[in-house]
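Asks: Sharing entry_34.cif here; it has mmCIF, C-alpha atoms.
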data_data
#
loop_
_atom_site.label_atom_id
_atom_site.label_comp_id
_atom_site.auth_asym_id
_atom_site.auth_seq_id
_atom_site.Cartn_x
_atom_site.Cartn_y
_atom_site.Cartn_z
CA MET U 7 0.00 0.00 0.00
CA GLN U 8 2.69 2.37 1.12
CA THR U 9 4.93 1.53 -1.82
CA ASN U 10 2.09 1.76 -4.33
CA THR U 11 1.22 5.29 -3.38
CA THR U 12 4.84 6.40 -3.46
CA ILE U 13 5.28 4.93 -6.93
CA PHE U 14 2.43 7.03 -8.24
CA LYS U 15 3.53 10.05 -6.32
CA ILE U 16 7.00 10.05 -7.86
CA LEU U 17 5.70 10.11 -11.44
CA LYS U 18 5.92 13.59 -12.90
CA LYS U 19 4.10 15.53 -15.54
CA ALA U 20 6.97 15.14 -18.00
CA ASP U 21 6.72 11.34 -17.64
CA PHE U 22 3.15 11.36 -18.85
CA LEU U 23 3.90 13.79 -21.67
CA LEU U 24 6.73 11.58 -22.88
CA LEU U 25 4.57 8.48 -22.54
CA GLY U 26 1.82 10.12 -24.57
CA ALA U 27 4.26 11.23 -27.27
CA LEU U 28 5.78 7.76 -27.55
CA LEU U 29 2.37 6.06 -27.70
CA LEU U 30 1.28 8.48 -30.40
CA PHE U 31 4.50 7.80 -32.31
CA ALA U 32 3.92 4.04 -32.14
CA PHE U 33 0.22 4.08 -32.97
CA ALA U 34 0.48 6.60 -35.82
CA GLY U 35 3.20 4.42 -37.30
CA SER U 36 1.27 1.21 -36.94
CA ILE U 37 -1.84 2.71 -38.55
CA LEU U 38 0.16 3.95 -41.54
CA LEU U 39 1.94 0.65 -41.84
CA ALA U 40 -1.24 -1.40 -41.45
CA ARG U 41 -2.76 0.53 -44.33
CA ALA U 42 0.24 -0.27 -46.49
CA GLN U 43 0.01 -3.92 -45.54
CA LYS U 44 -3.64 -4.43 -46.43
CA ALA U 45 -3.10 -5.66 -49.95
CA PRO U 46 -2.10 -9.29 -50.19
CA GLY U 47 1.56 -9.84 -50.97
CA GLU U 48 2.75 -11.11 -54.30
CA THR U 49 6.47 -11.58 -54.33
CA VAL U 50 8.93 -13.03 -51.86
CA ARG U 51 12.31 -11.38 -51.97
CA VAL U 52 15.29 -12.98 -50.31
CA THR U 53 18.36 -10.85 -49.71
CA VAL U 54 21.70 -11.86 -48.32
CA ASP U 55 24.06 -9.13 -47.15
CA GLY U 56 21.73 -6.55 -48.64
CA GLU U 57 21.96 -8.04 -52.11
CA VAL U 58 19.00 -9.68 -53.76
CA TYR U 59 19.49 -13.42 -53.77
CA GLY U 60 16.25 -14.23 -55.50
CA GLU U 61 12.57 -13.38 -55.91
CA TYR U 62 9.83 -15.95 -55.81
CA PRO U 63 6.06 -15.80 -56.37
CA LEU U 64 4.13 -16.17 -53.14
CA SER U 65 1.44 -18.17 -54.88
CA GLN U 66 3.75 -20.99 -55.81
CA ASP U 67 4.94 -23.44 -53.18
CA ALA U 68 8.70 -23.68 -53.04
CA GLU U 69 11.58 -24.53 -50.83
CA ILE U 70 14.61 -22.25 -50.96
CA PHE U 71 17.84 -23.57 -49.60
CA LEU U 72 20.54 -21.04 -48.79
CA PRO U 73 23.75 -23.04 -48.54
CA PRO U 74 26.38 -22.15 -46.01
CA THR U 75 29.20 -20.15 -47.54
CA ASN U 76 32.68 -19.98 -46.32
CA ASP U 77 34.29 -17.25 -48.33
CA SER U 78 37.02 -15.47 -46.48
CA SER U 79 36.04 -12.04 -47.80
CA ALA U 80 35.18 -9.26 -45.41
CA ASP U 81 31.76 -10.65 -44.69
CA GLY U 82 32.96 -14.05 -43.71
CA PHE U 83 30.96 -17.10 -42.88
CA HIS U 84 27.23 -17.47 -43.40
CA GLY U 85 25.34 -20.43 -42.06
CA GLU U 86 22.57 -22.28 -43.75
CA ASN U 87 18.89 -21.33 -44.00
CA VAL U 88 15.85 -23.11 -45.37
CA ILE U 89 12.93 -20.93 -46.44
CA VAL U 90 9.60 -22.51 -47.27
CA ILE U 91 6.80 -20.96 -49.34
CA ALA U 92 3.57 -22.87 -48.85
CA GLY U 93 -0.10 -21.95 -49.16
CA GLY U 94 0.59 -18.25 -49.70
CA GLU U 95 2.78 -17.98 -46.62
CA VAL U 96 6.52 -17.91 -46.08
CA ARG U 97 8.47 -19.12 -43.10
CA MET U 98 12.03 -19.89 -42.17
CA ARG U 99 11.99 -23.59 -41.52
CA GLU U 100 15.57 -24.03 -40.49
CA ALA U 101 18.59 -21.94 -39.66
CA ASP U 102 21.74 -23.12 -38.01
CA CYS U 103 22.18 -19.90 -36.11
CA LYS U 104 22.33 -19.63 -32.37
CA ASN U 105 19.30 -17.54 -31.56
CA GLN U 106 16.65 -19.03 -33.88
CA VAL U 107 14.77 -15.73 -33.91
CA CYS U 108 13.97 -16.13 -37.60
CA VAL U 109 12.53 -19.60 -37.12
CA ARG U 110 10.39 -18.44 -34.23
CA THR U 111 9.08 -15.48 -36.24
CA GLY U 112 6.70 -17.94 -37.88
CA SER U 113 4.81 -17.43 -41.13
CA ILE U 114 4.37 -14.13 -42.95
CA SER U 115 2.08 -13.36 -45.85
CA ARG U 116 1.50 -9.61 -46.15
CA PRO U 117 3.57 -6.97 -47.96
CA GLY U 118 6.22 -5.39 -45.82
CA GLN U 119 6.41 -8.23 -43.37
CA THR U 120 9.88 -9.59 -42.94
CA ILE U 121 11.74 -12.48 -41.47
CA VAL U 122 15.26 -11.60 -40.50
CA CYS U 123 18.15 -13.85 -39.69
CA LEU U 124 20.60 -11.34 -38.32
CA PRO U 125 23.55 -13.67 -37.72
CA HIS U 126 23.48 -14.74 -41.37
CA ARG U 127 22.27 -11.36 -42.65
CA VAL U 128 19.45 -12.99 -44.52
CA VAL U 129 16.20 -11.07 -44.98
CA VAL U 130 12.98 -12.46 -46.38
CA THR U 131 10.53 -9.71 -47.39
CA ILE U 132 7.14 -9.81 -49.00
CA LEU U 133 6.64 -7.26 -51.77
CA LYS U 134 3.48 -6.06 -53.38
CA GLY U 135 5.07 -5.69 -56.76
CA GLU U 136 5.91 -2.04 -56.24
CA GLU U 137 8.18 -1.05 -53.39
CA VAL U 138 6.08 -1.17 -50.24
CA LEU U 139 7.68 1.63 -48.31
CA ASP U 140 7.12 4.07 -51.15
CA ALA U 141 3.42 3.52 -50.68
CA VAL U 142 3.80 4.67 -47.08
CA THR U 143 5.90 7.73 -47.71
CA HIS U 144 3.96 8.98 -50.71
CA MET K 10 27.20 11.42 -5.54
CA PRO K 11 29.15 9.51 -2.96
CA LEU K 12 31.04 11.60 -0.47
CA ARG K 13 34.10 9.80 0.83
CA ILE K 14 34.34 6.59 -0.94
CA ASP K 15 37.87 5.43 -1.39
CA ARG K 16 39.02 4.11 -4.73
CA THR K 17 39.29 0.51 -3.68
CA LYS K 18 35.81 0.43 -2.28
CA ARG K 19 34.52 2.04 -5.42
CA LEU K 20 36.32 -0.42 -7.68
CA THR K 21 34.97 -3.34 -5.68
CA LEU K 22 31.48 -1.97 -5.70
CA ASP K 23 31.53 -1.38 -9.46
CA ALA K 24 32.92 -4.86 -10.08
CA PHE K 25 30.24 -6.32 -7.87
CA LEU K 26 27.53 -4.49 -9.79
CA VAL K 27 28.99 -5.60 -13.13
CA THR K 28 28.76 -9.17 -11.90
CA LEU K 29 25.20 -8.67 -10.79
CA ALA K 30 24.22 -7.13 -14.12
CA LEU K 31 25.98 -9.98 -15.93
CA ILE K 32 23.97 -12.50 -13.95
CA PHE K 33 20.78 -10.69 -14.92
CA SER K 34 21.85 -10.81 -18.58
CA TYR K 35 22.46 -14.53 -18.22
CA VAL K 36 19.09 -15.11 -16.59
CA GLU K 37 17.49 -13.52 -19.63
CA VAL K 38 19.47 -15.73 -21.98
CA LEU K 39 18.21 -18.78 -20.10
CA LEU K 40 14.66 -17.58 -19.56
CA PRO K 41 13.48 -15.09 -22.19
CA PHE K 42 10.45 -13.24 -20.85
CA PHE K 43 8.93 -12.60 -24.26
CA PRO K 44 9.86 -15.54 -26.46
CA GLY K 45 8.47 -15.24 -29.97
CA LEU K 46 8.88 -11.48 -30.19
CA PRO K 47 12.28 -10.92 -31.75
CA GLY K 48 14.26 -8.15 -30.12
CA VAL K 49 11.95 -7.83 -27.13
CA LYS K 50 13.63 -8.28 -23.78
CA LEU K 51 12.82 -7.22 -20.26
CA GLY K 52 16.30 -5.77 -19.81
CA LEU K 53 16.89 -6.89 -16.23
CA ALA K 54 20.49 -5.75 -16.39
CA ASN K 55 19.26 -2.20 -16.75
CA LEU K 56 17.97 -2.47 -13.20
CA VAL K 57 21.56 -2.41 -12.03
CA VAL K 58 22.58 0.33 -14.45
CA LEU K 59 19.66 2.50 -13.40
CA ILE K 60 20.36 2.16 -9.70
CA ALA K 61 24.04 2.84 -10.33
CA LEU K 62 23.14 5.93 -12.36
CA TYR K 63 21.11 7.39 -9.51
CA ARG K 64 23.22 6.24 -6.60
CA LEU K 65 26.78 6.29 -7.91
CA GLY K 66 26.62 8.75 -10.78
CA ALA K 67 26.85 8.65 -14.56
CA LYS K 68 30.52 7.71 -14.79
CA ASP K 69 30.29 4.57 -12.71
CA ALA K 70 27.00 3.58 -14.28
CA PHE K 71 28.44 3.97 -17.77
CA LEU K 72 31.48 1.84 -16.95
CA ILE K 73 29.33 -0.83 -15.34
CA ASN K 74 27.06 -0.88 -18.36
CA LEU K 75 29.94 -0.99 -20.86
CA VAL K 76 31.82 -3.79 -19.11
CA ARG K 77 28.60 -5.74 -18.64
CA ILE K 78 27.77 -5.44 -22.36
CA LEU K 79 31.25 -6.48 -23.46
CA LEU K 80 31.29 -9.50 -21.16
CA ALA K 81 27.73 -10.57 -21.92
CA GLY K 82 28.31 -10.06 -25.65
CA LEU K 83 31.42 -12.21 -25.66
CA LEU K 84 29.92 -14.88 -23.42
CA PHE K 85 26.40 -15.24 -24.76
CA ALA K 86 25.91 -13.46 -28.05
CA GLY K 87 29.02 -13.41 -30.23
CA ALA K 88 30.31 -10.53 -32.32
CA TYR K 89 27.01 -9.60 -33.97
CA GLY K 90 25.02 -9.64 -30.78
CA LEU K 91 27.72 -7.52 -29.20
CA LEU K 92 27.30 -4.85 -31.86
CA TYR K 93 23.55 -4.60 -31.21
CA SER K 94 23.99 -4.58 -27.48
CA LEU K 95 26.60 -1.84 -27.70
CA ALA K 96 24.43 0.35 -29.90
CA GLY K 97 21.38 -0.16 -27.72
CA GLY K 98 23.26 0.13 -24.44
CA ILE K 99 25.21 3.27 -25.25
CA PHE K 100 22.37 5.16 -26.94
CA SER K 101 19.87 4.35 -24.22
CA PHE K 102 22.38 5.32 -21.57
CA LEU K 103 22.95 8.73 -23.18
CA VAL K 104 19.21 9.33 -23.41
CA MET K 105 18.74 8.37 -19.77
CA VAL K 106 21.54 10.63 -18.56
CA VAL K 107 20.16 13.58 -20.52
CA LEU K 108 16.60 13.07 -19.23
CA LYS K 109 17.76 12.52 -15.66
CA ASN K 110 19.78 15.72 -15.75
CA THR K 111 16.80 17.78 -16.86
CA GLY K 112 15.25 16.98 -13.49
CA HIS K 113 11.78 16.76 -14.97
CA PHE K 114 11.52 12.99 -15.14
CA SER K 115 11.04 10.30 -12.52
CA VAL K 116 13.05 7.08 -12.46
CA PRO K 117 10.37 5.07 -14.33
CA GLY K 118 10.11 7.89 -16.89
CA VAL K 119 13.85 7.91 -17.47
CA SER K 120 13.89 4.13 -17.69
CA MET K 121 10.99 4.15 -20.16
CA ALA K 122 12.86 6.54 -22.46
CA GLY K 123 15.93 4.34 -22.10
CA GLY K 124 13.98 1.23 -23.06
CA VAL K 125 12.56 2.85 -26.19
CA ALA K 126 15.94 4.33 -27.14
CA HIS K 127 17.59 0.95 -26.68
CA ASN K 128 15.13 -0.78 -29.00
CA LEU K 129 15.22 1.93 -31.66
CA ALA K 130 19.02 1.97 -31.72
CA GLN K 131 19.06 -1.78 -32.20
CA LEU K 132 16.53 -1.52 -35.00
CA ALA K 133 18.67 1.13 -36.69
CA VAL K 134 21.72 -1.11 -36.50
CA ALA K 135 19.71 -4.04 -37.81
CA MET K 136 18.54 -1.95 -40.77
CA LEU K 137 22.12 -0.94 -41.54
CA MET K 138 23.39 -4.49 -41.21
CA VAL K 139 20.87 -6.16 -43.47
CA GLN K 140 20.43 -3.10 -45.74
CA ASN K 141 16.68 -3.34 -45.65
CA VAL K 142 14.32 -0.48 -44.79
CA ASN K 143 11.37 -2.84 -44.50
CA LEU K 144 12.50 -3.61 -40.97
CA LEU K 145 10.94 -0.25 -40.17
CA PHE K 146 7.63 -2.08 -40.07
CA TYR K 147 8.67 -3.48 -36.76
CA TYR K 148 9.20 -0.19 -34.97
CA PRO K 149 5.76 0.19 -33.32
CA VAL K 150 6.27 -3.15 -31.58
CA LEU K 151 9.70 -2.06 -30.40
CA VAL K 152 8.48 1.31 -29.15
CA LEU K 153 5.64 -0.27 -27.19
CA SER K 154 7.81 -3.00 -25.74
CA GLY K 155 10.42 -0.40 -24.80
CA ILE K 156 7.76 1.59 -22.95
CA VAL K 157 6.43 -1.42 -21.04
CA THR K 158 9.75 -2.99 -20.12
CA GLY K 159 11.29 0.40 -19.33
CA ILE K 160 8.51 1.34 -16.90
CA LEU K 161 8.63 -2.10 -15.24
CA ILE K 162 12.37 -1.88 -14.75
CA GLY K 163 12.06 1.70 -13.51
CA ILE K 164 9.46 0.74 -10.89
CA GLY K 165 11.63 -2.22 -9.94
CA ALA K 166 14.59 0.09 -9.46
CA VAL K 167 12.59 2.43 -7.23
CA LEU K 168 11.35 -0.43 -5.05
CA LEU K 169 14.74 -2.12 -4.89
CA SER K 170 16.54 1.10 -4.14
CA LYS K 171 14.69 1.44 -0.82
CA TYR K 172 16.47 -1.65 0.48
CA LEU K 173 19.94 -0.64 -0.62
CA HIS K 174 20.82 1.65 2.25
CA ARG K 175 24.54 1.10 2.12
CA LEU K 176 24.98 1.53 -1.62
CA SER K 177 26.45 4.92 -2.23
#
Can I see the file as structure tokens?

Replies:
Amino acid sequence: MQTNTTIFKILKKADFLLLGALLLFAFAGSILLARAQKAPGETVRVTVDGEVYGEYPLSQDAEIFLPPTNDSSADGFHGENVIVIAGGEVRMREADCKNQVCVRTGSISRPGQTIVCLPHRVVVTILKGEEVLDAVTH
Amino acid sequence: MPLRIDRTKRLTLDAFLVTLALIFSYVEVLLPFFPGLPGVKLGLANLVVLIALYRLGAKDAFLINLVRILLAGLLFAGAYGLLYSLAGGIFSFLVMVVLKNTGHFSVPGVSMAGGVAHNLAQLAVAMLMVQNVNLLFYYPVLVLSGIVTGILIGIGAVLLSKYLHRLS
């Protein structure tokens, strides 16, 4: 009881202003982004190290195997990833990275959604055909 | 700021707090509080950093944070993870110091700003690393999670701080 009241007492006006500003920032963004994501996705783009590795139609089931590379250039070693397109959805089925964030991301199907494997610098993005972010900014 | 703390005591105290923060980092590696949401963490280690910031001052808190990040990065995350942690840790620390020094914000408020700053800095690094602006779609989640975890940690720090009479 005592501690609860002190917690609320210590909060200041600036805290609430900042909270409000941050919430507004997040919600405004999510509304804009949700609008951009409404249309169903069409193309799956896979990039490795920021370079396009391949583009695949979302409507066609496929399995994309990214083999491990071991080139000793600046970017070094990449592990292996298995991307699966099935039933209009994409997911990362396997990755031999430590954190497995990409695998746990699950399936994506709408434009702008991404699966990222940071350790391997692999990004799977769904595109609408035109660049999705342009639709947001314009 | 501490009054007459001799250097040895200070060194020991900082080392002790680094260890504590490192243990918190490890706990979160073992038991993620929000599995399934990439990039979302409670940030228990920030509990230590926050208390150090208010009780020992910015210099000690920064050193504790930096050493903790370097150790945790090398032990649990590897080189890439280290880069994200550094970006998030340093940027959020700067934001927290600035807000604290204005005197207008409470501890949970400062911590909330730190949480959001941490997440946004990591997102920025991620966008640079993978060269993909579409990651921007994830920012509302990161802002909200930064708010929630930051406030929780801030309240935790206030409650905990009451029992740390001898820490100064």

Asks: What's the 6 Å shell around segment 63-73 of chain U, counting only C-alpha atoms, without same-chain residues fewer than 5 positions away, as a PDB file with C-alpha atoms, in the frame of the given file?

Replies:
ATOM      1  CA  GLU U  48       2.750 -11.110 -54.300  1.00  0.00           C
ATOM      2  CA  THR U  49       6.470 -11.580 -54.330  1.00  0.00           C
ATOM      3  CA  VAL U  50       8.930 -13.030 -51.860  1.00  0.00           C
ATOM      4  CA  GLU U  86      22.570 -22.280 -43.750  1.00  0.00           C
ATOM      5  CA  ASN U  87      18.890 -21.330 -44.000  1.00  0.00           C
ATOM      6  CA  VAL U  88      15.850 -23.110 -45.370  1.00  0.00           C
ATOM      7  CA  ILE U  89      12.930 -20.930 -46.440  1.00  0.00           C
ATOM      8  CA  VAL U  90       9.600 -22.510 -47.270  1.00  0.00           C
ATOM      9  CA  ILE U  91       6.800 -20.960 -49.340  1.00  0.00           C
ATOM     10  CA  ALA U  92       3.570 -22.870 -48.850  1.00  0.00           C
ATOM     11  CA  GLY U  94       0.590 -18.250 -49.700  1.00  0.00           C
TER      12      GLY U  94
END

Asks: Pick from U:Gly118, U:Gly93, U:Gly60, U:Gly26: nearest to chain K, with all atoms listed in the file counted?

Replies: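 Going through U:Gly118, U:Gly93, U:Gly60, U:Gly26 one by one, the smallest distance to chain K is for U:Gly118.
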
Asks: Which is closer to Phe146 of chain K than all the others in U:Arg51, U:Arg127, U:Arg41, U:Lys19, using all atoms listed in the file?

Replies: U:Arg41

Asks: How many Å lie between atom CA of Gln119 of chain U and atom CA of Phe33 of chain U, rounded to one decimal?

Replies: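 These two atoms are separated by 17.3 Å.
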
Asks: Kindly provide the residues of segment 53-130 of chain U that approach segment 88-102 of chain K to within 12 Å, each paired with its closest atom pair and their distance in Å to one decimal, based on all atoms listed in the file, listed by chain and increasing number, as a Markdown table.

Replies:
| residue | atom | partner | partner_atom | distance |
| --- | --- | --- | --- | --- |
| U:Asp81 | CA | K:Tyr89 | CA | 11.8 |
| U:Cys103 | CA | K:Tyr89 | CA | 11.6 |
| U:Lys104 | CA | K:Gly90 | CA | 10.5 |
| U:Asn105 | CA | K:Gly90 | CA | 9.8 |
| U:Cys123 | CA | K:Tyr89 | CA | 11.4 |
| U:Leu124 | CA | K:Tyr89 | CA | 7.9 |
| U:Pro125 | CA | K:Tyr89 | CA | 6.5 |
| U:His126 | CA | K:Tyr89 | CA | 9.7 |
| U:Arg127 | CA | K:Tyr89 | CA | 10.0 |

Asks: Quick one: of U:Val128, U:Ala27, U:Leu38, U:Ala32, who's nearest to Val107 of chain U, counting all atoms listed in the file?

Replies: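 Checking each candidate against Val107 of chain U, we get U:Val128 as the closest.
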
Asks: Each residue of chain U with at least one atom at most 7 Å from chain K should appear once, together with its nearest atom pair and the corresponding distance in Å (one decimal); atoms considered: only C-alpha atoms; ordering: chain, then increasing residue number; output as a Markdown table.

Replies:
| residue | atom | partner | partner_atom | distance |
| --- | --- | --- | --- | --- |
| U:Ile16 | CA | K:Ser115 | CA | 6.2 |
| U:Leu17 | CA | K:Ser115 | CA | 5.5 |
| U:Lys18 | CA | K:Phe114 | CA | 6.1 |
| U:Ala20 | CA | K:Phe114 | CA | 5.8 |
| U:Asp21 | CA | K:Gly118 | CA | 4.9 |
| U:Ala32 | CA | K:Pro149 | CA | 4.4 |
| U:Phe33 | CA | K:Pro149 | CA | 6.8 |
| U:Gly35 | CA | K:Pro149 | CA | 6.3 |
| U:Ser36 | CA | K:Pro149 | CA | 5.9 |
| U:Leu39 | CA | K:Phe146 | CA | 6.6 |
| U:Asp55 | CA | K:Val139 | CA | 5.7 |
| U:Gly56 | CA | K:Gln140 | CA | 4.7 |
| U:Val107 | CA | K:Pro47 | CA | 5.8 |
| U:Arg110 | CA | K:Gly45 | CA | 5.7 |
| U:Thr111 | CA | K:Gly45 | CA | 6.3 |
| U:Gly118 | CA | K:Asn143 | CA | 5.9 |
| U:Thr120 | CA | K:Leu144 | CA | 6.8 |
| U:Pro125 | CA | K:Tyr89 | CA | 6.5 |
| U:Arg127 | CA | K:Val139 | CA | 5.4 |
| U:Val129 | CA | K:Val139 | CA | 6.9 |
| U:Leu139 | CA | K:Asn143 | CA | 6.9 |

Asks: To one decimal place, how far is atom CA of Met105 of chain K from atom CA of Leu31 of chain K in Å?

Replies: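 Computed distance, atom CA of Met105 of chain K to atom CA of Leu31 of chain K, equals 20.1 Å.
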
Asks: Quick one, how far is atom CA of Leu79 of chain K from atom CA of Ser170 of chain K?

Replies: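 Going from atom CA of Leu79 of chain K over to atom CA of Ser170 of chain K, I get 25.4 Å.
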
Asks: Fewer than 5 positions away in the same chain doesn't count, so skip those; otherwise give me all residues within 6 Å of segment 55-58 of chain K, counting only C-alpha atoms, as a PyMOL selection string.

Replies: chain K and resi 30+70+162+166

Asks: If the PyMOL selection byres ((chain K and resi 61) around 9) were run on this exact file, what residues would it hold? Put them as a PyMOL selection string.

Replies: chain K and resi 23+26+56-60+62-67+69-71+73+176-177
